[in-house]
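Here is the structure we will look at.
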Amino acid sequence: MVKKGKYRLFSYFIEEYLIYYKSLKKKNKIIAFAIFEYLNFESVEPILNDFLRKRVIHYFSIQIDTDEKSEKILLLNFEDYKKENIIKSFNIVKQFLTEIDNPIKFLKENILEKIFLAVFFQDINSSTSISKVSEAITISTEKKLKIFNFYNIDLELIEQRNSFINNFLNLINNFDRRGFIIFNFQIDFHEDIKIFAYFVDICENNKNNSNIENKVNSFFHCNLINRQNIKIQEIFNYFWRLGVTDTFFFLNDFCNLFFLKKNSYSLVLLDINNQIEENLVKYQIEYIRLSNNLLFIEHNYLFLILENLDSEYINRILKDRHPKYFIYILILNNLGYKKLLEMETIKFLENIMIIHPEEIQKLNYQEFKRS
């Protein structure tokens with residue numbers, strides 16, 4: 001089995017709410033993990049950051065399964081030379097987290113093990129083997145083979161941060177792929193919280209094992225993800241939900257990845273967006289929300305919705321996306337609609353439809369299926 005330093009990767013044991021690793025040498029640290037489900041990261045983040053700064057926890061990580069994107073899983077790491085100190089630290093953290101307004105649920109025993117193993121196999125045993133083929137890591141048992149490809153996520157290149165996670169998950173699902181996004185949170189010597197972010201693409205039994213890097217980057221128009229060449233002895237970084245590269249970002253610069261901006265929608269825009277999305281679902285039309293104002297539909301259409309005319313924003317969208325996609329533009333303000341019709345940069349362009357604010361109710365959604 002693969003070892004991480006003086007620890008054997010699959011040699012853990014479980015007691016109630018904690019998974020333990022004991023060093024192969026007697027006087028080295030014990031490493032332990034706890035996992036909980038949460039409803040709102042904004043409510044647990046200040047508590048976890050405080051425990052990071054006090055060194056009660058060593059790090060914590062968000063784990064997002066592309067198949068179960070509604071489930072919110074967070075892993076805590078504890079390290080100490082004495083097991084009783086780890087238990088004490090865990091109980092302190094558990095008490096604080098279970099008293100917040102948005103309750104959390106710590107996993108225990110069989111459920112804890114199931115979620116802990118979810119990023120690999122749920123039937124790890126003595127026959128499990130790890131090997132490397134090209135840049136991918138393969139893990140196999142007697143019955144299954146899984147291929148793991150690792151991609152660093154460059155958070156600096158994300159334009160619409162408050163909707164990025166959902167959009168990325170939808171995109172991966174549209175590509176008929178499955179994997180995990182991991183966000184790992186650590187503290188540096190200056191007491192700043194830093195984030196390591198990566199995506200793991202998992203293929204079973206060589207099914208659909210094509211590189212998705214170009215597809216994702218083409219969609220986002222930048223080198224958002226970069227494939228990482230992971231050594232076998234570094235696989236513990238993934239299993240323990242650490243980063244897979246040395247590249248990190250500061251949480252203070254990327255809070256809106258995890259915290260939705262308040263009042264980002266007006267009631268009018270919210271209502272129209274809800275109506276459009278309900279109809280897309282009703283007619284079984286695939287879509288991804290790129291931002292509060294932009295939908296990507298059936299891989300061929302962009303639907304831009306603005307309350308008031310923003311010519312600079314519209315021109316930027318046209319420059320990046322036209323004529324590759326057919327573009328619908330809806331301005332909810334009647335005066336803005338009239339000014340849009342007069343814009344020189346739009347007058348003579350093909351593959352653009354400008355919708356009058358009173359005509360949105362008559363939109364034929366079946367048109368999106370005819371491409």
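Letters for chains follow the order of the structure tokens (A, B, ...), residue numbers begin at 1 for each chain, and ligand numbers begin at 1 in the order shown.
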| task | Mind the document's chain letters and residue numbers, and return as a PyMOL selection string the residues of stretch 160-241 of chain A that DSSP labels strand (DSSP E). | result | chain A and resi 178-187+193-204+225-228
| request: Just list the residues in stretch 186-283 of chain A DSSP gives helix (DSSP H, G or I) on the backbone, as a ChimeraX atom specification. | output: /A:213-220,232-239,251-253,255-257,267-282
| said: Can you tell me which residues surround A:Arg55 at a distance of at most 10 Å, considering only C-alpha atoms, apart from same-chain residues fewer than 2 positions away, and format the answer as a list of chain:residue names? | reply: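 Listed by chain and then number, they are A:Asn49, A:Asp50, A:Phe51, A:Leu52, A:Arg53, A:Ile57, A:His58, A:Tyr59, A:Phe78, A:Glu79, A:Ser89, A:Ile187.
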| field | Selection near stretch 365-367 of chain A, 10 Å with only C-alpha atoms, sequence-local residues under 3 positions removed, as number ranges by chain | value | A: 276, 279-280, 282-285, 362, 370-371
Please build the interface table for stretch 214-266 of chain A against stretch 8-11 of chain A with a cut-off of 12 Å, listing for each qualifying residue the nearest atom pair and the distance in Å to one decimal; count only C-alpha atoms, order rows by chain and increasing number, and write it as JSON lines.
```
{"residue": "A:Ile232", "atom": "CA", "partner": "A:Leu9", "partner_atom": "CA", "distance": 11.3}
{"residue": "A:Gln233", "atom": "CA", "partner": "A:Leu9", "partner_atom": "CA", "distance": 9.7}
{"residue": "A:Glu234", "atom": "CA", "partner": "A:Leu9", "partner_atom": "CA", "distance": 10.5}
{"residue": "A:Ile235", "atom": "CA", "partner": "A:Leu9", "partner_atom": "CA", "distance": 8.8}
{"residue": "A:Phe236", "atom": "CA", "partner": "A:Leu9", "partner_atom": "CA", "distance": 6.6}
{"residue": "A:Asn237", "atom": "CA", "partner": "A:Leu9", "partner_atom": "CA", "distance": 10.3}
{"residue": "A:Tyr238", "atom": "CA", "partner": "A:Leu9", "partner_atom": "CA", "distance": 11.0}
{"residue": "A:Phe239", "atom": "CA", "partner": "A:Leu9", "partner_atom": "CA", "distance": 8.2}
{"residue": "A:Trp240", "atom": "CA", "partner": "A:Leu9", "partner_atom": "CA", "distance": 9.2}
```
Dump C-alpha atoms for the selected residues as a PDB file, in the first residue's frame?
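Result file result13.pdb:
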```pdb
ATOM      1  CA  ILE A 232       1.837   7.817  -6.711  1.00  0.00           C
ATOM      2  CA  GLN A 233       3.409   8.705  -3.378  1.00  0.00           C
ATOM      3  CA  GLU A 234       1.489  12.015  -3.459  1.00  0.00           C
ATOM      4  CA  ILE A 235      -1.946  10.398  -3.748  1.00  0.00           C
ATOM      5  CA  PHE A 236      -2.432  10.916  -0.011  1.00  0.00           C
ATOM      6  CA  ASN A 237      -2.865  14.664  -0.767  1.00  0.00           C
ATOM      7  CA  TYR A 238      -6.112  13.799  -2.499  1.00  0.00           C
ATOM      8  CA  PHE A 239      -7.269  11.095  -0.099  1.00  0.00           C
ATOM      9  CA  TRP A 240      -6.743  13.445   2.845  1.00  0.00           C
TER      10      TRP A 240
END
```
Closest pair table for stretch 70-92 of chain A residues within 12 Å of stretch 100-122 of chain A, only C-alpha atoms, as JSON lines:
```
{"residue": "A:Glu71", "atom": "CA", "partner": "A:Ile115", "partner_atom": "CA", "distance": 11.2}
{"residue": "A:Lys72", "atom": "CA", "partner": "A:Ile104", "partner_atom": "CA", "distance": 10.0}
{"residue": "A:Ile73", "atom": "CA", "partner": "A:Ile115", "partner_atom": "CA", "distance": 8.7}
{"residue": "A:Leu74", "atom": "CA", "partner": "A:Phe106", "partner_atom": "CA", "distance": 9.5}
{"residue": "A:Leu75", "atom": "CA", "partner": "A:Phe116", "partner_atom": "CA", "distance": 8.7}
{"residue": "A:Leu76", "atom": "CA", "partner": "A:Phe106", "partner_atom": "CA", "distance": 10.6}
{"residue": "A:Phe90", "atom": "CA", "partner": "A:Phe106", "partner_atom": "CA", "distance": 10.9}
{"residue": "A:Asn91", "atom": "CA", "partner": "A:Phe106", "partner_atom": "CA", "distance": 11.2}
```
Can I get the selected residues back with C-alpha atoms, as a CSV table (one decimal), in the first residue's frame?
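Heads up, here's the output in result_11.csv:
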```csv
chain,number,residue,atom,x,y,z
A,71,GLU,CA,-24.8,17.7,-0.5
A,72,LYS,CA,-22.3,19.9,1.4
A,73,ILE,CA,-19.5,17.9,3.0
A,74,LEU,CA,-16.7,19.4,5.0
A,75,LEU,CA,-13.7,17.5,6.4
A,76,LEU,CA,-11.7,18.5,9.5
A,90,PHE,CA,-12.8,17.5,18.4
A,91,ASN,CA,-15.3,17.9,21.2
```
| said: Under the rule that only C-alpha atoms are counted, which of A:Ile314, A:Leu295, A:Leu340, A:Ile272 is the nearest residue to A:Gln361? | reply: A:Ile272
| task | Between A:Gln186, A:Asn217, A:Asn173, A:Asn223, single out the one closest to A:Leu251, counting only C-alpha atoms. | result |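 Checking each of A:Gln186, A:Asn217, A:Asn173, A:Asn223 against A:Leu251, counting only C-alpha atoms, the winner is A:Gln186.
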| request: Could you please determine the separation between atom CA of A:Tyr301 and atom CA of A:Asn211 in Å, to one decimal place? | output: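 It comes out at 24.5 Å.
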Show me, as a Markdown table, the residues of stretch 152-195 of chain A having an atom within 12 Å of stretch 133-148 of chain A, each with the closest atom pair and its distance in Å, using only C-alpha atoms.
```
| residue | atom | partner | partner_atom | distance |
| --- | --- | --- | --- | --- |
| A:Arg177 | CA | A:Phe148 | CA | 11.8 |
| A:Arg178 | CA | A:Phe148 | CA | 10.4 |
| A:Gly179 | CA | A:Phe148 | CA | 8.7 |
| A:Phe180 | CA | A:Phe148 | CA | 10.4 |
```
Print the selection's residues with N, CA and C atoms to a file, as a tab-separated table (two decimals), in the first residue's frame.
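result_20.tsv was written with the following content:
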```
chain	number	residue	atom	x	y	z
A	177	ARG	N	-19.49	13.51	-17.14
A	177	ARG	CA	-18.33	13.11	-16.35
A	177	ARG	C	-18.68	13.16	-14.87
A	178	ARG	N	-17.81	12.52	-14.07
A	178	ARG	CA	-18.05	12.48	-12.63
A	178	ARG	C	-16.74	12.70	-11.89
A	179	GLY	N	-16.80	13.40	-10.77
A	179	GLY	CA	-15.59	13.63	-10.01
A	179	GLY	C	-15.87	14.45	-8.77
A	180	PHE	N	-14.83	15.10	-8.26
A	180	PHE	CA	-14.95	15.90	-7.05
A	180	PHE	C	-14.21	17.23	-7.22
```
| message | Between A:Phe185, A:Leu169, A:Gln160, A:Asn252, which residue has the minimum interatomic distance to A:Val216, considering only C-alpha atoms? | response |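 Ranked by minimum distance to A:Val216, first place goes to A:Leu169.
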